[in-house]
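The block underneath contains the structure these notes are about, expressed in structure tokens.
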Amino acid sequence: MKVHSLTCALLSVAAFWAGGTMAAQPDYAYLTTVRLSSGKTLQCAVNEPLPNGEAAAALTGREQTKAYVLATQRLRVLSGPESPYPSPYTAPAVSCASAG
């Protein structure tokens, strides 16, 4: 009986651990809020779709560049000085929608 209980306990722990690692979102995919110098606040999705199927905001080229740089700041910290190209860290897909 003790062996059966120990086996069940170990299987439960293994299943919980495996399920937790599969459900984790990669660190290169995230949502972030960006505030441009023009006063616009944007919700930007990096390497994932915008939430609730929102449409991308109409931005000027300058605003789009600023939003991209601000939204991908976290990736530059994560990838470090050297990273293979292309990868989700070095060639991210960024889309931004108006936050309010």
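In the structure tokens, chains take letters A, B, ... by order of appearance, with residues numbered from 1 within each chain and ligands from 1 in the order shown.
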
Within 12 Å of segment 51-62 of chain A, counting only C-alpha atoms, which residues qualify if same-chain residues fewer than 4 places away don't, as a PyMOL selection string?
chain A and resi 30-32+36-38+40-46+66-69+94-100

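Shortest atom-to-atom contact with Pro88 of chain A among A:Gly39, A:Thr33, A:Leu75, A:Leu50: A:Leu75, counting only C-alpha atoms.
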
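Shell of Ser79 of chain A at 8 Å, with only C-alpha atoms counted and residues fewer than 3 places along the chain excluded, is Leu75, Arg76, Glu82, Ser83, Tyr89 and Thr90 of chain A.
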
Would you compute the distance between atom CA of Arg74 of chain A and atom CA of Ala91 of chain A? Give it in Å to one decimal.
13.3 Å

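Interatomic distance, atom CA of Gln64 of chain A against atom CA of Tyr28 of chain A: 19.7 Å.
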
To one decimal in Å, tell me the separation between atom CA of Gln25 of chain A and atom CA of Asn47 of chain A.
11.0 Å
